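Undergrad: Next comes the structure file upload-v2.cif, holding mmCIF, C-alpha atoms.
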data_target
loop_
_atom_site.label_atom_id
_atom_site.label_comp_id
_atom_site.auth_asym_id
_atom_site.auth_seq_id
_atom_site.Cartn_x
_atom_site.Cartn_y
_atom_site.Cartn_z
CA MET C 746 206.31 348.54 98.77
CA SER C 747 205.04 349.23 102.28
CA THR C 748 206.59 352.74 102.18
CA ILE C 749 204.80 353.52 98.92
CA PHE C 750 201.57 352.22 100.42
CA PHE C 751 202.00 354.45 103.48
CA LEU C 752 202.58 357.50 101.28
CA PHE C 753 199.52 356.74 99.17
CA VAL C 754 197.35 356.38 102.26
CA ILE C 755 198.44 359.53 104.06
CA PHE C 756 198.11 361.66 100.92
CA LEU C 757 194.89 360.19 99.49
CA LEU C 758 193.25 359.98 102.91
CA PRO C 759 195.27 362.84 104.31
CA ILE C 760 196.27 362.93 107.93
CA PHE C 761 198.57 365.36 109.66
CA PRO C 762 201.22 366.40 108.60
CA ALA C 763 200.42 365.39 104.99
CA THR C 764 197.28 367.53 105.25
CA LEU C 765 199.48 370.64 105.37
CA VAL C 766 200.61 369.87 101.82
CA ILE C 767 197.55 368.31 100.22
CA ASN C 768 195.04 370.82 101.68
CA LYS C 769 197.15 373.74 100.50
CA TYR C 770 197.19 372.28 96.98
CA LEU C 771 193.46 371.44 96.94
CA TYR C 772 192.50 374.89 98.22
CA ARG C 773 194.06 376.47 95.13
CA LEU C 774 191.89 374.47 92.72
CA ASP C 775 188.79 376.00 91.21
CA ALA C 776 185.43 374.62 92.27
CA LYS C 777 185.14 372.03 89.50
CA PHE C 778 188.58 370.48 89.93
CA PHE C 779 188.32 370.75 93.71
CA THR C 780 185.09 368.71 93.66
CA ILE C 781 186.44 366.06 91.29
CA SER C 782 189.83 365.79 93.01
CA LEU C 783 188.49 365.40 96.53
CA PHE C 784 186.04 362.69 95.54
CA LEU C 785 188.67 360.76 93.57
CA LEU C 786 191.15 361.01 96.45
CA PHE C 787 188.67 359.41 98.81
CA PHE C 788 187.50 356.78 96.34
CA PHE C 789 190.99 355.55 95.49
CA GLY C 790 192.10 355.93 99.11
CA ILE C 791 189.51 353.46 100.36
CA LEU C 792 190.27 351.08 97.49
CA ILE C 793 193.94 351.03 98.49
CA LEU C 794 193.04 350.48 102.13
CA HIS C 795 190.75 347.61 101.27
CA PHE C 796 192.85 345.74 98.74
CA PHE C 797 196.37 346.24 100.08
CA GLN C 798 196.81 344.49 103.39
CA TYR C 799 199.51 346.39 105.23
CA HIS C 800 199.81 347.20 108.89
CA LEU C 801 198.97 350.85 109.63
CA SER C 802 199.10 350.97 113.42
CA PRO C 803 202.21 353.23 113.48
CA ILE C 804 200.05 356.10 112.19
CA LYS C 805 197.22 355.52 114.66
CA TYR C 806 198.27 358.44 116.85
CA LEU C 807 198.66 360.75 113.88
CA ALA C 808 195.11 359.87 112.81
CA LEU C 809 193.80 360.53 116.32
CA PHE C 810 195.64 363.86 116.45
CA THR C 811 194.26 364.79 113.00
CA THR C 812 190.72 364.11 114.22
CA ILE C 813 191.04 366.47 117.18
CA PHE C 814 193.09 369.09 115.35
CA TYR C 815 190.68 369.55 112.45
CA SER C 816 187.59 369.26 114.64
CA ILE C 817 188.89 372.32 116.51
CA ARG C 818 189.74 374.11 113.27
CA LEU C 819 186.15 373.63 112.04
CA LEU C 820 185.04 376.11 114.71
CA GLY C 821 187.20 378.87 113.22
CA VAL C 822 186.46 378.11 109.58
CA THR C 823 186.51 381.14 107.29
CA ASN C 824 184.77 379.73 104.24
CA LEU C 825 182.95 376.67 103.00
CA LYS C 826 185.89 375.37 101.01
CA LEU C 827 188.04 375.20 104.15
CA PHE C 828 185.15 373.62 106.06
CA ILE C 829 185.00 370.81 103.48
CA LEU C 830 188.77 370.30 103.53
CA TYR C 831 188.86 370.07 107.33
CA LEU C 832 185.84 367.76 107.39
CA TYR C 833 187.48 365.56 104.74
CA SER C 834 190.59 365.24 106.91
CA ILE C 835 188.36 364.10 109.79
CA ILE C 836 186.54 361.58 107.58
CA SER C 837 189.92 360.30 106.37
CA SER C 838 191.15 359.86 109.94
CA PHE C 839 188.03 357.94 110.92
CA THR C 840 188.42 355.72 107.86
CA ILE C 841 192.04 354.89 108.69
CA LEU C 842 191.23 354.26 112.36
CA LEU C 843 188.39 351.95 111.37
CA TYR C 844 190.80 350.01 109.19
CA ILE C 845 193.45 349.86 111.95
CA SER C 846 190.89 348.60 114.47
CA GLY C 847 190.24 345.59 112.21
CA GLU C 848 186.54 346.41 111.92
CA ALA C 849 186.51 347.85 108.40
CA GLU C 850 183.74 346.58 106.16
CA PHE C 851 183.77 347.69 102.57
CA SER C 852 180.05 348.48 102.83
CA LEU C 853 180.78 351.10 105.50
CA TYR C 854 182.63 353.21 102.98
CA PHE C 855 179.61 353.29 100.70
CA ILE C 856 177.72 355.29 103.31
CA GLU C 857 180.40 357.94 103.17
CA LEU C 858 180.68 358.08 99.38
CA PRO C 859 177.17 359.41 98.51
CA PHE C 860 177.19 361.94 101.35
CA LEU C 861 180.66 363.18 100.45
CA LEU C 862 179.69 363.44 96.77
CA MET C 863 176.53 365.34 97.71
CA LEU C 864 178.51 367.80 99.83
CA LEU C 865 181.01 368.38 97.02
CA LEU C 866 178.30 368.83 94.38
CA LEU C 867 176.38 371.23 96.64
CA TYR C 868 179.58 373.19 97.14
CA TYR C 869 180.11 373.29 93.37
CA PHE C 870 176.50 374.40 92.83
CA LEU C 871 176.91 377.18 95.38
CA SER C 872 180.33 378.31 94.16
CA ALA C 873 178.96 378.68 90.62
CA ARG C 874 176.60 381.36 91.94
CA ILE C 875 178.66 382.96 94.70
CA ASN C 876 182.37 383.49 94.35
CA ILE C 877 183.38 382.02 97.43
CA ILE C 878 181.97 381.72 100.22
CA HIS C 879 182.50 383.06 103.66
CA PRO C 880 179.78 381.74 105.99
CA LYS C 881 178.34 385.27 105.98
CA SER C 882 178.01 385.03 102.21
CA ILE C 883 175.61 382.11 102.50
CA SER C 884 173.64 383.97 105.14
CA GLY C 885 169.91 383.69 104.61
CA ILE C 886 170.08 381.27 101.68
CA GLY C 887 167.54 379.06 103.43
CA GLU C 888 164.91 381.68 102.74
CA VAL C 889 165.48 382.00 98.99
CA ALA C 890 166.79 378.50 98.19
CA PRO C 891 164.96 376.06 100.45
CA LYS C 892 165.63 372.96 98.32
CA PHE C 893 169.37 373.60 98.32
CA SER C 894 169.30 374.26 102.08
CA ILE C 895 167.41 371.06 102.86
CA PHE C 896 169.90 368.93 100.91
CA PHE C 897 172.82 370.78 102.48
CA ILE C 898 171.57 370.22 106.03
CA ILE C 899 170.67 366.57 105.42
CA THR C 900 174.10 365.94 103.87
CA LEU C 901 175.98 367.33 106.87
CA LEU C 902 173.73 365.42 109.28
CA GLY C 903 174.31 362.28 107.18
CA ILE C 904 178.08 362.67 107.39
CA ASN C 905 177.85 363.14 111.16
CA SER C 906 175.67 360.04 111.55
CA THR C 907 178.12 358.05 109.41
CA LEU C 908 180.97 359.05 111.71
CA PHE C 909 178.85 357.97 114.67
CA ILE C 910 178.21 354.54 113.13
CA ILE C 911 181.94 354.11 112.50
CA MET C 912 182.68 355.07 116.12
CA TYR C 913 180.10 352.63 117.42
CA LYS C 914 181.42 349.87 115.20
CA MET C 915 184.93 350.25 116.63
CA PHE C 916 183.76 350.42 120.24
CA LYS C 917 181.39 347.48 119.91
CA ASN C 918 183.79 344.94 118.47
CA GLY C 919 187.37 345.54 119.36
CA LEU C 920 188.51 348.40 121.54
CA THR C 921 189.62 347.52 125.05
CA GLY C 922 191.97 348.84 127.73
CA PRO C 923 194.03 351.95 126.87
CA ASN C 924 192.67 352.03 123.32
CA LEU C 925 189.12 352.28 124.62
CA LEU C 926 189.95 355.30 126.81
CA LEU C 927 192.07 357.05 124.19
CA TYR C 928 189.67 356.55 121.31
CA GLY C 929 186.72 357.38 123.56
CA ILE C 930 188.14 360.76 124.59
CA VAL C 931 189.14 361.66 121.03
CA PHE C 932 185.83 360.60 119.50
CA ILE C 933 183.59 362.26 122.08
CA VAL C 934 185.47 365.57 121.92
CA SER C 935 185.73 365.56 118.13
CA PHE C 936 182.09 364.57 117.66
CA LEU C 937 180.95 367.47 119.86
CA LEU C 938 183.19 369.90 117.98
CA ILE C 939 182.07 368.65 114.55
CA ASN C 940 178.42 369.12 115.51
CA TRP C 941 179.19 372.55 116.93
CA GLY C 942 180.84 373.56 113.66
CA THR C 943 177.93 372.31 111.53
CA ILE C 944 175.38 374.03 113.75
CA LYS C 945 177.20 377.32 113.14
CA LEU C 946 176.77 376.79 109.40
CA PHE C 947 173.08 375.97 109.88
CA GLU C 948 172.60 379.20 111.81
CA TRP C 949 174.06 381.27 108.99
CA LEU C 950 172.03 379.35 106.44
CA ILE C 951 168.67 379.65 108.19
CA TYR C 952 168.81 382.72 110.40
CA GLY C 953 171.06 385.08 108.47
CA LYS C 954 170.09 388.14 106.51
CA LYS C 955 167.98 387.44 103.44
CA THR C 956 169.93 387.36 100.20
CA LYS C 957 168.76 387.57 96.59
CA ILE C 958 171.91 386.35 94.86
CA LEU C 959 171.14 382.66 94.54
CA ASN C 960 168.72 380.69 92.40
CA ASP C 961 167.44 377.48 93.93
CA LEU C 962 168.06 373.98 92.59
CA ALA C 963 166.67 373.28 89.13
CA PRO C 964 164.49 370.16 88.59
CA LEU C 965 167.48 368.19 87.23
CA ASP C 966 169.61 369.25 90.22
CA THR C 967 166.85 368.23 92.61
CA SER C 968 166.43 364.84 90.94
CA THR C 969 170.19 364.18 91.07
CA PHE C 970 170.48 365.02 94.75
CA SER C 971 167.31 363.04 95.54
CA LEU C 972 168.78 359.90 93.94
CA LEU C 973 172.07 360.37 95.78
CA LEU C 974 170.21 360.88 99.04
CA ILE C 975 168.16 357.73 98.51
CA ALA C 976 171.36 355.77 97.81
CA ALA C 977 173.00 357.22 100.92
CA ILE C 978 170.03 356.39 103.14
CA ILE C 979 169.77 352.83 101.81
CA SER C 980 173.51 352.33 102.41
CA GLU C 981 173.31 353.83 105.88
CA VAL C 982 170.28 351.78 106.96
CA TYR C 983 171.81 348.58 105.60
CA THR C 984 175.20 349.15 107.20
CA ALA C 985 173.76 350.43 110.46
CA SER C 986 171.57 347.35 110.76
CA ARG C 987 174.65 345.15 110.41
CA SER C 988 176.87 347.27 112.64
CA LEU C 989 174.55 348.22 115.47
CA PHE C 990 172.64 344.97 115.94
#
What would you get if you wrote out this structure as structure tokens?
TA:
Amino acid sequence: MSTIFFLFVIFLLPIFPATLVINKYLYRLDAKFFTISLFLLFFFGILILHFFQYHLSPIKYLALFTTIFYSIRLLGVTNLKLFILYLYSIISSFTILLYISGEAEFSLYFIELPFLLMLLLLYYFLSARINIIHPKSISGIGEVAPKFSIFFIITLLGINSTLFIIMYKMFKNGLTGPNLLLYGIVFIVSFLLINWGTIKLFEWLIYGKKTKILNDLAPLDTSTFSLLLIAAIISEVYTASRSLF
């Protein structure tokens, strides 16, 4: 049973080397199935973590390695689909490490869910208009699709802030000795790299050459993302107030 649990965890919340298999499979999916599959993987992954109480510490170092490895790979990303896959591997690693540290609260995962869903839906929206998506292809979208760009930027900043809250939660309540040093180095380096990678995307989005190939969000799209954003902010404020104070 424990072996099956391990396999479920490392493939639903993929960490290296399972990422080499699952990311290759996900990358081949079209935008619709990619969006649905990635969200379902995360949703069922956190359910398994929460409801099946097995010891995961043997994969702690794999999760730490995954965090650094894919943070570095974000800097050399060639398209938005790969960016999302690498970022998902980082989110998965953080989730597993939070669980291993003994500080996992189910409410913490509900910060990640709306932001991840927003990112996937924004990707699907964009892929329906541009057939995919080198960073240069989204160059200048901020000028012709400001509503899309605002949601995109807020979503990435929300994911980064969620990762920060998770880091703080682990440091505040349980990490000491060698774990403190090891986690500290990994988290600081990865957090800097993740922000560097997202800033590169922002630069393409805002400062690139103007493009005319994208229509902005429709009223229904805007309403959907607004509701998701409100849910994400409420979850983040609630969880942050419990975690940070």
Undergrad: As lines of an AutoDock Vina configuration file, please report the centre and edge lengths, rounded to one decimal in Å, of the axis-aligned box that holds all listed atoms of range 887-904 of chain C with 8 Å of padding on each of the six sides.
TA:
center_x = 171.5
center_y = 372.1
center_z = 103.7
size_x = 29.2
size_y = 35.7
size_z = 27.1
Undergrad: May I ask which of the residues C:Val982, C:Ala977, C:Ile749, C:Ile835 is the closest one to Glu857 in chain C, counting all atoms listed in the file?
TA: C:Ala977
Undergrad: In terms of the shortest atom-to-atom distance over all atoms listed in the file, which of C:Ile895, C:Leu825, C:Leu832, C:Leu752 is closest to Thr811 in chain C?
TA: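 Closest to Thr811 in chain C, using all atoms listed in the file: C:Leu832.
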Undergrad: Considering all atoms listed in the file, can you say which of C:Tyr833, C:Phe750, C:Phe860, C:Phe916 comes closest to Gly903 in chain C?
TA: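 So, comparing all the options, the nearest one is C:Phe860.
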Undergrad: Find the residue from C:Leu866, C:Ser894, C:Leu786, C:Ile813 that sits nearest to Phe756 in chain C; use all atoms listed in the file when measuring.
TA: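 Smallest separation from Phe756 in chain C among the options: C:Leu786.
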Undergrad: Would you write out, as a compact mmCIF listing (two decimals) with C-alpha atoms, in the frame of the given file, every residue that the PyMOL selection byres ((chain C and resi 936) around 12) captures in this file?
TA:
# COMPACT_ATOMS: atom_id res chain seq x y z
CA THR C 812 190.72 364.11 114.22
CA ILE C 813 191.04 366.47 117.18
CA TYR C 815 190.68 369.55 112.45
CA SER C 816 187.59 369.26 114.64
CA ILE C 817 188.89 372.32 116.51
CA LEU C 819 186.15 373.63 112.04
CA LEU C 832 185.84 367.76 107.39
CA ILE C 835 188.36 364.10 109.79
CA ILE C 836 186.54 361.58 107.58
CA PHE C 839 188.03 357.94 110.92
CA LEU C 902 173.73 365.42 109.28
CA ILE C 904 178.08 362.67 107.39
CA ASN C 905 177.85 363.14 111.16
CA SER C 906 175.67 360.04 111.55
CA THR C 907 178.12 358.05 109.41
CA LEU C 908 180.97 359.05 111.71
CA PHE C 909 178.85 357.97 114.67
CA ILE C 910 178.21 354.54 113.13
CA ILE C 911 181.94 354.11 112.50
CA MET C 912 182.68 355.07 116.12
CA TYR C 928 189.67 356.55 121.31
CA GLY C 929 186.72 357.38 123.56
CA ILE C 930 188.14 360.76 124.59
CA VAL C 931 189.14 361.66 121.03
CA PHE C 932 185.83 360.60 119.50
CA ILE C 933 183.59 362.26 122.08
CA VAL C 934 185.47 365.57 121.92
CA SER C 935 185.73 365.56 118.13
CA LEU C 937 180.95 367.47 119.86
CA LEU C 938 183.19 369.90 117.98
CA ILE C 939 182.07 368.65 114.55
CA ASN C 940 178.42 369.12 115.51
CA TRP C 941 179.19 372.55 116.93
CA GLY C 942 180.84 373.56 113.66
CA THR C 943 177.93 372.31 111.53
Undergrad: Identify which of the residues C:Glu948, C:Asp961, C:Leu785, C:Phe810 lies closest to Ser834 in chain C, counting all atoms listed in the file when measuring atom-to-atom distances.
TA: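 Closest to Ser834 in chain C of all the choices is C:Phe810.
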Undergrad: For a quick check of understanding, using all atoms listed in the file, which of C:Ala873, C:Met863, C:Ala763, C:Ile791 has the smallest distance to Thr840 in chain C?
TA: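 Result for the nearest residue to Thr840 in chain C: C:Ile791.
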Undergrad: Generate the missing atoms of range 881-898 of chain C up to N, CA and C atoms and report them as a PDB file, in the frame of the given file.
TA:
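And here is the file that came out, result22.pdb:
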ATOM      1  N   LYS C 881     179.253 384.136 106.070  1.00  0.00           N
ATOM      2  CA  LYS C 881     178.340 385.270 105.980  1.00  0.00           C
ATOM      3  C   LYS C 881     177.760 385.409 104.585  1.00  0.00           C
ATOM      4  N   SER C 882     178.487 384.924 103.580  1.00  0.00           N
ATOM      5  CA  SER C 882     178.010 385.030 102.210  1.00  0.00           C
ATOM      6  C   SER C 882     176.831 384.103 101.945  1.00  0.00           C
ATOM      7  N   ILE C 883     176.744 383.006 102.681  1.00  0.00           N
ATOM      8  CA  ILE C 883     175.610 382.110 102.500  1.00  0.00           C
ATOM      9  C   ILE C 883     174.486 382.438 103.471  1.00  0.00           C
ATOM     10  N   SER C 884     174.636 383.564 104.165  1.00  0.00           N
ATOM     11  CA  SER C 884     173.640 383.970 105.140  1.00  0.00           C
ATOM     12  C   SER C 884     172.278 384.173 104.493  1.00  0.00           C
ATOM     13  N   GLY C 885     171.279 383.505 105.059  1.00  0.00           N
ATOM     14  CA  GLY C 885     169.910 383.690 104.610  1.00  0.00           C
ATOM     15  C   GLY C 885     169.528 382.895 103.378  1.00  0.00           C
ATOM     16  N   ILE C 886     170.411 382.034 102.881  1.00  0.00           N
ATOM     17  CA  ILE C 886     170.080 381.270 101.680  1.00  0.00           C
ATOM     18  C   ILE C 886     168.868 380.367 101.905  1.00  0.00           C
ATOM     19  N   GLY C 887     168.681 379.914 103.145  1.00  0.00           N
ATOM     20  CA  GLY C 887     167.540 379.060 103.430  1.00  0.00           C
ATOM     21  C   GLY C 887     166.214 379.678 103.065  1.00  0.00           C
ATOM     22  N   GLU C 888     166.167 381.007 103.051  1.00  0.00           N
ATOM     23  CA  GLU C 888     164.910 381.680 102.740  1.00  0.00           C
ATOM     24  C   GLU C 888     164.635 381.728 101.244  1.00  0.00           C
ATOM     25  N   VAL C 889     165.677 381.850 100.441  1.00  0.00           N
ATOM     26  CA  VAL C 889     165.480 382.000  98.990  1.00  0.00           C
ATOM     27  C   VAL C 889     165.790 380.729  98.219  1.00  0.00           C
ATOM     28  N   ALA C 890     166.458 379.765  98.855  1.00  0.00           N
ATOM     29  CA  ALA C 890     166.790 378.500  98.190  1.00  0.00           C
ATOM     30  C   ALA C 890     166.524 377.345  99.141  1.00  0.00           C
ATOM     31  N   PRO C 891     165.261 377.085  99.443  1.00  0.00           N
ATOM     32  CA  PRO C 891     164.960 376.060 100.450  1.00  0.00           C
ATOM     33  C   PRO C 891     165.362 374.647 100.038  1.00  0.00           C
ATOM     34  N   LYS C 892     165.252 374.318  98.745  1.00  0.00           N
ATOM     35  CA  LYS C 892     165.630 372.960  98.320  1.00  0.00           C
ATOM     36  C   LYS C 892     167.121 372.734  98.519  1.00  0.00           C
ATOM     37  N   PHE C 893     167.934 373.695  98.088  1.00  0.00           N
ATOM     38  CA  PHE C 893     169.370 373.600  98.320  1.00  0.00           C
ATOM     39  C   PHE C 893     169.659 373.446  99.808  1.00  0.00           C
ATOM     40  N   SER C 894     169.015 374.250 100.638  1.00  0.00           N
ATOM     41  CA  SER C 894     169.300 374.260 102.080  1.00  0.00           C
ATOM     42  C   SER C 894     168.936 372.933 102.730  1.00  0.00           C
ATOM     43  N   ILE C 895     167.827 372.352 102.304  1.00  0.00           N
ATOM     44  CA  ILE C 895     167.410 371.060 102.860  1.00  0.00           C
ATOM     45  C   ILE C 895     168.451 369.986 102.539  1.00  0.00           C
ATOM     46  N   PHE C 896     168.880 369.922 101.283  1.00  0.00           N
ATOM     47  CA  PHE C 896     169.900 368.930 100.910  1.00  0.00           C
ATOM     48  C   PHE C 896     171.208 369.182 101.639  1.00  0.00           C
ATOM     49  N   PHE C 897     171.576 370.439 101.801  1.00  0.00           N
ATOM     50  CA  PHE C 897     172.820 370.780 102.480  1.00  0.00           C
ATOM     51  C   PHE C 897     172.801 370.329 103.934  1.00  0.00           C
ATOM     52  N   ILE C 898     171.693 370.599 104.619  1.00  0.00           N
ATOM     53  CA  ILE C 898     171.570 370.220 106.030  1.00  0.00           C
ATOM     54  C   ILE C 898     171.543 368.705 106.176  1.00  0.00           C
TER      55      ILE C 898
END
